[in-house]
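Student: Sharing a structure here in structure tokens format.
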Number of protein chains: 2
Amino acid sequence: MRIHFLFPRACSYLTKPRMRHASNRCRSFHCTVPIRSVELTKVRYPNLKRGPFSILGDADVQFFERLLSGAGRVLADASEIEGYNTDWLKTCRGSSELVLRPKTTEEVSAILNYCNTRRLAVVPQGGNTGLVGGSVPVFDEVVVSTQLLNKIISLDELSGTLVCQSGCVLGYMEEYIADYNLTIPLDLGAKGSCHIGGNIATNAGGVRLLRYGSLHGSILGLEAVLPNGEILDCMSTLRKDNTGYDLKQLFIGSEGTLGIVTAASVLCPQKPSAVSVAFLGCESFARVLDIYKEAKGMLAEILSAYEFLDEASVAVNKENLRMASPIGDFPFYILIETSGSNGDHDEEKLNTFLETMMSSGLVLDGTVVTETSKIKDIWSLRERVAEGLLHDGYCYKYDVSLPQAKFYDLVVDMRERLGTSVIRVVGYGHVGDGNLHLNMTSPTYSPEVMSDIEPFVYDWVSKYNGSISAEHGLGFKKRNFIYHSKSKSAVSLMQQLKRSIDPNGIMNPYKVLPEE
Amino acid sequence: MRIHFLFPRACSYLTKPRMRHASNRCRSFHCTVPIRSVELTKVRYPNLKRGPFSILGDADVQFFERLLSGAGRVLADASEIEGYNTDWLKTCRGSSELVLRPKTTEEVSAILNYCNTRRLAVVPQGGNTGLVGGSVPVFDEVVVSTQLLNKIISLDELSGTLVCQSGCVLGYMEEYIADYNLTIPLDLGAKGSCHIGGNIATNAGGVRLLRYGSLHGSILGLEAVLPNGEILDCMSTLRKDNTGYDLKQLFIGSEGTLGIVTAASVLCPQKPSAVSVAFLGCESFARVLDIYKEAKGMLAEILSAYEFLDEASVAVNKENLRMASPIGDFPFYILIETSGSNGDHDEEKLNTFLETMMSSGLVLDGTVVTETSKIKDIWSLRERVAEGLLHDGYCYKYDVSLPQAKFYDLVVDMRERLGTSVIRVVGYGHVGDGNLHLNMTSPTYSPEVMSDIEPFVYDWVSKYNGSISAEHGLGFKKRNFIYHSKSKSAVSLMQQLKRSIDPNGIMNPYKVLPEE
């Protein structure tokens with residue numbers, strides 16, 4: 001048993017990739033599969049019927065060209081829009097013929113007003129990093145991209161309130177406010193590409209939820225354009241505001257089916273001055289939970305992340321990304337991050353915790369780092385598994401919440417069920433949030449493998465009162481499984497609200513709500 | 001200048017009053033005004049018209065008596081129900097002739113189904129500690145009390161998820177989970193009486209919001225009965241669940257106008273093992289803000305409350321409650337609470353902070369306590385101001401959010417405006433949340449004083465983009481001022497949702513939404 005303690009002073013926190021500031025856009029992920037080999041969604045799902053929407057015509061395109069003047073604001077060339085038609089996982093491919101790139105809320109309003117009157121279906125798209133096919137067209141929906149809605153509007157340093165347009169890239173926002181000693185309450189692997197508007201629309205969770213809570217608490221206000229083009233102004237920057245129904249909450253997690261978020265105010269916490277990351281090995285998932293319980297007690301207010309990876313996840317890193325683990329081989333790995341205002345205090349707490357864990361035999365080996373570059377390296381082991389899996393070919397991706405005690409059994413059962421029909425079955429995720437990422441891979445998409453996985457996985461989760469989508473949303477791929485996690489009365493009220501707010505059903509059709 | 005440091009070890013946290021466990025009910029507040037002298041709301045507001053609801057008849061009462069068998073479940077005797085007709089402030093008095101006390105969700109469902117069919121108006125009532133007349137009848141609405149919906153259903157110790165019925169008293173819940181080393185993420189002066197269902201319905205804020213965030217993050221799931229009697233099951237105990245619209249959010253802060261919350265699951269954080277409270281004096285409100293900025297940086301993750309009182313608030317304690325301040329007389333007082341997992345670390349952080357504040361001259365005097373009884377005493381200075389004000393006679397009560405820089409100017413302007421027409425104008429509240437409690441008192445209710453206060457106070461708040469209700473809600477008293485804080489588009493969507501969910505308008509009429 002060994003453990004490395006590396007505590008240089010005055011470490012600063014920077015896990016995110018550098019980005020090109022000028023454009024406020026970048027892509028940190030690349031998949032090797034050519035887009036044109038991705039099967040069209042309407043072909044893969046032949047029984048799915050296109051909704052009763054109008055067909056885009058020349059007069060429509062001319063209207064949008066008059067509305068959005070300037071180069072690169074109305075894209076209709078097939079080669080320009082193929083990226084907008086295809087999701088990051090290369091599992092869904094739409095047939096849209098038009099991408100619109102508004103710069104202002106008023107332009108979004110004019111677009112939706114026109115589309116609603118003309119009965120043209122619309123799909124809003126942020127960084128297009130979603131994993132459930134929610135941000136790409138299914139048939140020929142018009143894509144409304146938030147790429148040019150990318151301005152920071154204001155920052156109140158004392159209260160930590162950042163107001164910005166919805167197309168701001170999360171990682172860019174983090175860099176922007178770092179100068180003011182603040183941090184963004186949300187952090188996830190896709191931060192180099194994802195837009196805050198997409199994060200809000202999907203209620204993105206990520207690795208800091210354990211510390212700062214969900215976007216339902218961190219988003220203080222938002223502005224959205226309703227399907228009929230009306231601008232809904234809920235742009236509070238106040239921490240408390242109990243004047244009527246909290247409408248913004250309805251848009252957080254509605255995945256673009258009730259309108260398009262155009263701006264938001266985000267409550268940004270104080271940036272921690274000291275950050276440490278420990279990477280530990282242990283013998284079983286039961287130990288992962290035992291250690292979590294101790295970490296909650298001993299690290300308490302400085303615990304900012306508690307993630308786990310199984311052996312198979314670390315093998316993906318090694319085999320597909322040539323990334324080495326900093327410790328030996330173990331059945332399970334834990335990534336613990338602490339962040340606080342006093343490095344000496346945090347170091348003492350973390351040392352005491354690790355010594356207790358080592359001497360009790362719960363932790364078998366581990367390393368602790370506080371240097372920025374080393375912190376980044378260790379986080380990469382966790383954050384790049386999703387990317388590594390794509391190198392196998394096709395990835396069957398599941399993101400579920402389960403009671404912590406049942407958490408890993410799903411991976412074991414799935415591995416046994418699928419046997420050699422897949423390349424691998426891996427499990428990793430956010431232990432502190434009860435959120436498991438379950439992934440299977442095969443060289444190409446296989447309907448047989450898919451039918452072995454679904455609905456088995458959803459039935460399994462439902463049996464233990466879990467959620468079939470913890471943080472990724474339902475999008476296109478999971479909408480018909482909503483009843484595995486939500487009651488009939490709840491889905492019925494959702495449908496009622498959808499009909500009330502979007503009576504023509506133009507906003508992101510075929511998503512979230514089940515086929516009726 | 002002096003500062004007292006009192007740090008005995010192993011202090012435990014207990015600021016709440018002891019309660020009678022058997023009944024899970026208690027009242028910590030008492031007002032000296034007799035109920036029958038309180039003017040009926042329908043008399044005080046002669047222009048307000050009763051809605052098109054049915055009149056309660058003998059057959060209705062007989063139906064409810066058959067439904068709710070057992071003593072004390074259907075109250076129709078005038079002397080028994082007068083407390084349910086009158087709010088805690090003794091500013092609103094309804095004329096209801098029937099109080100129903102269901103024990104189960106199914107009973108609530110049967111009640112609402114019947115009332116909806118019969119077009120009988122309903123007002124849900126929890127602990128009746130609201131300050132805006134939201135929980136008492138305006139005319140003759142049937143009161144549905146959650147007093148007997150008072151069972152704890154389950155507790156998951158590892159995840160900290162407590163599931164209970166909506167009539168559980170907040171302070172009782174805190175006592176219940178203290179044995180499991182957990183704490184409730186919500187704390188407020190009315191904890192000895194208020195129900196968790198009422199807290200949820202009003203999105204109660206309180207003194208821990210700074211640390212644990214709002215109920216939009218802490219309530220993991222809830223069950224509600226819709227106006228037509230349908231039971232809406234959103235009872236997740238999962239920390240993450242992105243499967244469809246997050247409907248529970250709509251009920252958090254809807255003040256009983258969309259349905260009755262019957263049960264909830266609450267995410268309970270680890271109970272801090274060390275708590276300290278500092279009570280400080282300073283010379284101006286600008287200094288209160290300067291010190292807050294330093295506290296955010298130096299106390300950071302252990303800062304759990306930052307409250308202020310002005311000189312006039314402390315005078316209320318002295319004159320009306322015979323409570324002495326532990327330090328000398330100053331224009332402004334600050335109450336800082338820290339809570340964490342390591343007493344030595346917290347003490348060091350707090351000492352360093354206070355020494356810096358004293359030597360810079362920002363803090364003029366102060367005392368620090370860690371003993372439970374002394375912590376309780378100091379918190380009482382802040383929490384009992386509301387009670388002390390009632391001893392003056394009538395209290396005009398405002399709860400606003402403002403940008404921190406403008407925060408106290410409203411108190412100064414109001415004091416100048418009202419002059420000697422009131423007994424006093426006092427300001428206190430949650431600096432960290434930008435939430436000011438502004439109170440004026442006079443011997444009895446005076447329409448002249450009221451017309452000097454309103455709409456002046458709302459115009460003032462609106463001018464600085466504040467909220468006219470930070471944490472108390474709009475209820476009956478403030479509903480017509482909603483446009484001072486919310487846009488027309490937002491109010492219009494609220495009205496649309498209300499009509500969709502409660503087409504007959506039976507749920508808590510005359511509340512939240514403005515007169516149309």
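Here's how to read the names in the structure tokens: chain A, B, ... by the order shown, residue numbers from 1 in each chain, ligand numbers from 1 in the order shown.
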Got a sec to pull out which chain B residues are within 6 Å of chain A, counting only C-alpha atoms, and send them as a short mmCIF file (atom, residue, chain, number, x, y, z; two decimals) with C-alpha atoms, in the first residue's frame?
Tutor:
data_model
loop_
_atom_site.label_atom_id
_atom_site.label_comp_id
_atom_site.auth_asym_id
_atom_site.auth_seq_id
_atom_site.Cartn_x
_atom_site.Cartn_y
_atom_site.Cartn_z
CA HIS B 216 -36.36 24.30 -5.69
CA GLY B 217 -33.13 22.37 -5.13
CA LEU B 232 -50.23 13.92 -9.02
CA ARG B 239 -31.14 13.56 -6.56
CA LYS B 240 -31.19 13.61 -10.37
CA ASP B 241 -34.17 12.79 -12.54
CA ASN B 242 -34.48 14.37 -15.99
CA THR B 243 -37.45 12.47 -17.33
CA GLY B 244 -39.86 15.07 -18.64
CA TYR B 245 -40.90 18.44 -17.24
CA SER B 254 -47.70 28.42 -6.08
CA ASP B 433 -29.72 36.84 -0.17
CA SER B 467 -38.87 41.85 -5.96
CA SER B 469 -41.93 39.57 -2.28
CA ALA B 470 -38.62 37.88 -1.65
CA GLU B 471 -39.73 34.92 0.44
CA GLY B 473 -45.20 35.17 -1.39
CA LEU B 474 -47.99 37.38 -2.72
CA SER B 489 -45.90 38.08 -20.51
CA ALA B 490 -45.02 36.17 -17.33
CA VAL B 512 -51.32 35.25 -5.98
#
Student: Residues near segment 100-110 of chain B, anyone? I mean within 10 Å using only C-alpha atoms, not counting same-chain ones fewer than 3 positions away, as a PyMOL selection string.
Tutor: chain B and resi 61+64-65+67-69+72-76+113-116+124-125+142-151+165-167+223-231+260-263
Student: Could the residues in this selection be written to a file with N, CA and C atoms, as a compact mmCIF listing (two decimals), in the first residue's frame?
Tutor:
# COMPACT_ATOMS: atom_id res chain seq x y z
N VAL B 61 -71.91 19.45 4.25
CA VAL B 61 -71.30 19.11 5.54
C VAL B 61 -71.50 17.63 5.85
N PHE B 64 -69.02 15.53 3.97
CA PHE B 64 -67.67 15.54 4.57
C PHE B 64 -67.63 14.76 5.89
N GLU B 65 -68.72 14.81 6.65
CA GLU B 65 -68.75 14.05 7.91
C GLU B 65 -68.71 12.54 7.65
N LEU B 67 -67.24 11.25 5.00
CA LEU B 67 -65.90 10.98 4.46
C LEU B 67 -64.84 10.94 5.56
N LEU B 68 -64.92 11.91 6.48
CA LEU B 68 -63.88 12.03 7.51
C LEU B 68 -64.46 11.63 8.85
N SER B 69 -64.44 10.34 9.13
CA SER B 69 -65.02 9.89 10.38
C SER B 69 -64.02 10.09 11.52
N GLY B 72 -63.06 15.58 15.63
CA GLY B 72 -62.14 16.67 15.30
C GLY B 72 -61.66 16.68 13.87
N ARG B 73 -62.40 16.05 12.99
CA ARG B 73 -61.96 15.99 11.59
C ARG B 73 -62.78 16.93 10.71
N VAL B 74 -64.01 17.22 11.15
CA VAL B 74 -64.85 18.21 10.45
C VAL B 74 -65.27 19.24 11.50
N LEU B 75 -64.76 20.44 11.38
CA LEU B 75 -65.05 21.47 12.37
C LEU B 75 -66.01 22.50 11.77
N ALA B 76 -67.13 22.71 12.46
CA ALA B 76 -68.11 23.66 11.94
C ALA B 76 -68.56 24.64 13.02
N ASN B 113 -62.19 16.59 -5.19
CA ASN B 113 -63.08 16.13 -6.26
C ASN B 113 -64.51 16.61 -5.99
N TYR B 114 -64.94 16.49 -4.74
CA TYR B 114 -66.29 16.93 -4.38
C TYR B 114 -66.43 18.45 -4.53
N CYS B 115 -65.46 19.17 -4.00
CA CYS B 115 -65.54 20.64 -4.05
C CYS B 115 -65.52 21.15 -5.49
N ASN B 116 -64.74 20.48 -6.33
CA ASN B 116 -64.65 20.92 -7.73
C ASN B 116 -65.98 20.69 -8.44
N PRO B 124 -56.24 25.89 1.23
CA PRO B 124 -55.40 24.95 1.97
C PRO B 124 -54.69 25.71 3.09
N GLN B 125 -54.51 25.06 4.22
CA GLN B 125 -53.84 25.73 5.35
C GLN B 125 -52.87 24.78 6.05
N VAL B 142 -63.92 26.86 2.03
CA VAL B 142 -63.72 25.72 2.94
C VAL B 142 -62.22 25.61 3.23
N VAL B 143 -61.86 25.51 4.52
CA VAL B 143 -60.46 25.35 4.90
C VAL B 143 -60.10 23.86 4.89
N VAL B 144 -59.06 23.48 4.14
CA VAL B 144 -58.53 22.12 4.22
C VAL B 144 -57.19 22.21 4.94
N SER B 145 -57.18 21.75 6.17
CA SER B 145 -55.97 21.86 7.01
C SER B 145 -55.10 20.61 6.86
N THR B 146 -53.78 20.81 6.85
CA THR B 146 -52.87 19.66 6.77
C THR B 146 -52.41 19.18 8.15
N GLN B 147 -53.07 19.67 9.22
CA GLN B 147 -52.62 19.33 10.58
C GLN B 147 -52.50 17.83 10.86
N LEU B 148 -53.40 17.03 10.27
CA LEU B 148 -53.37 15.59 10.57
C LEU B 148 -52.60 14.78 9.51
N LEU B 149 -52.11 15.46 8.50
CA LEU B 149 -51.22 14.81 7.52
C LEU B 149 -49.81 14.93 8.07
N ASN B 150 -49.55 14.29 9.19
CA ASN B 150 -48.34 14.62 9.96
C ASN B 150 -47.40 13.45 10.22
N LYS B 151 -47.36 12.52 9.26
CA LYS B 151 -46.51 11.33 9.46
C LYS B 151 -45.18 11.44 8.70
N GLN B 165 -45.35 13.35 5.17
CA GLN B 165 -46.58 14.03 4.78
C GLN B 165 -46.40 15.54 4.93
N SER B 166 -47.26 16.29 4.29
CA SER B 166 -47.05 17.73 4.19
C SER B 166 -47.38 18.50 5.46
N GLY B 167 -48.06 17.85 6.41
CA GLY B 167 -48.41 18.57 7.63
C GLY B 167 -47.38 18.43 8.73
N GLU B 223 -45.89 14.99 -3.82
CA GLU B 223 -47.18 14.48 -4.23
C GLU B 223 -48.17 15.60 -3.98
N ALA B 224 -49.04 15.85 -4.96
CA ALA B 224 -50.03 16.91 -4.79
C ALA B 224 -51.36 16.42 -5.30
N VAL B 225 -52.43 16.97 -4.74
CA VAL B 225 -53.76 16.68 -5.27
C VAL B 225 -54.19 17.88 -6.10
N LEU B 226 -54.55 17.62 -7.35
CA LEU B 226 -54.96 18.69 -8.26
C LEU B 226 -56.39 19.14 -7.92
N PRO B 227 -56.79 20.29 -8.41
CA PRO B 227 -58.11 20.81 -8.06
C PRO B 227 -59.27 19.87 -8.39
N ASN B 228 -59.10 19.01 -9.40
CA ASN B 228 -60.18 18.08 -9.73
C ASN B 228 -60.11 16.79 -8.91
N GLY B 229 -59.19 16.72 -7.96
CA GLY B 229 -59.08 15.56 -7.09
C GLY B 229 -58.06 14.54 -7.56
N GLU B 230 -57.53 14.74 -8.76
CA GLU B 230 -56.53 13.78 -9.26
C GLU B 230 -55.25 13.87 -8.42
N ILE B 231 -54.66 12.71 -8.13
CA ILE B 231 -53.42 12.69 -7.35
C ILE B 231 -52.23 12.74 -8.31
N ILE B 260 -53.11 20.93 -3.67
CA ILE B 260 -52.65 20.80 -2.29
C ILE B 260 -51.50 19.80 -2.24
N VAL B 261 -50.35 20.24 -1.74
CA VAL B 261 -49.21 19.34 -1.55
C VAL B 261 -49.54 18.41 -0.38
N THR B 262 -49.44 17.10 -0.60
CA THR B 262 -49.79 16.15 0.46
C THR B 262 -48.59 15.40 1.03
N ALA B 263 -47.49 15.34 0.28
CA ALA B 263 -46.27 14.68 0.77
C ALA B 263 -45.08 15.20 0.00
Student: Show which residues sit within 9 Å of His195 of chain B, as number ranges by chain. Count only C-alpha atoms, and ignore same-chain residues fewer than 2 positions away.
Tutor: B: 126-129, 146-147, 150, 166-171, 191-193, 197-200
Student: Name the residues in contact with Gly256 of chain B at a cut-off of 7 Å, using only C-alpha atoms, excluding same-chain residues fewer than 5 positions from it; report them as a ChimeraX atom specification.
Tutor: /B:124,201,507-508
Student: Write the residues of the preceding selection, restricted to all heavy atoms, as a CSV table (one decimal), in the first residue's frame.
Tutor:
chain,number,residue,atom,x,y,z
B,124,PRO,N,-56.2,25.9,1.2
B,124,PRO,CA,-55.4,25.0,2.0
B,124,PRO,C,-54.7,25.7,3.1
B,124,PRO,O,-54.3,26.9,2.9
B,124,PRO,CB,-54.4,24.5,0.9
B,124,PRO,CG,-54.7,25.1,-0.4
B,124,PRO,CD,-55.6,26.3,-0.1
B,201,ALA,N,-45.3,25.2,-0.5
B,201,ALA,CA,-46.3,26.0,-1.2
B,201,ALA,C,-45.9,27.5,-1.3
B,201,ALA,O,-46.2,28.2,-2.3
B,201,ALA,CB,-47.7,25.9,-0.5
B,507,MET,N,-59.3,26.7,-6.3
B,507,MET,CA,-58.2,26.6,-5.3
B,507,MET,C,-57.7,27.9,-4.9
B,507,MET,O,-57.1,28.7,-5.7
B,507,MET,CB,-57.0,25.8,-6.0
B,507,MET,CG,-57.2,24.3,-6.1
B,507,MET,SD,-57.6,23.5,-4.5
B,507,MET,CE,-56.3,24.1,-3.5
B,508,ASN,N,-57.8,28.2,-3.6
B,508,ASN,CA,-57.3,29.4,-3.0
B,508,ASN,C,-57.6,30.7,-3.9
B,508,ASN,O,-56.6,31.4,-4.3
B,508,ASN,CB,-55.8,29.3,-2.7
B,508,ASN,CG,-55.4,29.9,-1.4
B,508,ASN,OD1,-56.3,30.4,-0.7
B,508,ASN,ND2,-54.1,29.9,-1.1
Student: As a VMD selection string, please: all residues of segment 207-290 of chain B that backbone DSSP puts in alpha helix (DSSP H).
Tutor: chain B and resid 209 to 212 215 to 218 248 to 251 285 to 290
Student: Please dump the current selection as a PDB file, in the first residue's frame; keep C-alpha atoms.
Tutor:
ATOM      1  CA  LEU B 209     -30.752  29.602   2.090  1.00  0.00           C
ATOM      2  CA  LEU B 210     -27.314  31.199   1.846  1.00  0.00           C
ATOM      3  CA  ARG B 211     -25.767  27.793   2.562  1.00  0.00           C
ATOM      4  CA  TYR B 212     -28.164  25.174   1.251  1.00  0.00           C
ATOM      5  CA  LEU B 215     -36.448  24.522  -1.895  1.00  0.00           C
ATOM      6  CA  HIS B 216     -36.360  24.305  -5.693  1.00  0.00           C
ATOM      7  CA  GLY B 217     -33.132  22.370  -5.129  1.00  0.00           C
ATOM      8  CA  SER B 218     -33.846  20.671  -1.787  1.00  0.00           C
ATOM      9  CA  LYS B 248     -42.957  19.617  -8.816  1.00  0.00           C
ATOM     10  CA  GLN B 249     -41.282  22.977  -9.416  1.00  0.00           C
ATOM     11  CA  LEU B 250     -44.630  24.437 -10.463  1.00  0.00           C
ATOM     12  CA  PHE B 251     -46.086  23.651  -7.045  1.00  0.00           C
ATOM     13  CA  PHE B 285     -24.956  49.804   6.183  1.00  0.00           C
ATOM     14  CA  ALA B 286     -22.073  50.352   3.766  1.00  0.00           C
ATOM     15  CA  ARG B 287     -19.889  48.648   6.387  1.00  0.00           C
ATOM     16  CA  VAL B 288     -22.390  45.761   6.633  1.00  0.00           C
ATOM     17  CA  LEU B 289     -21.787  45.174   2.922  1.00  0.00           C
ATOM     18  CA  ASP B 290     -17.998  45.606   3.179  1.00  0.00           C
TER      19      ASP B 290
END
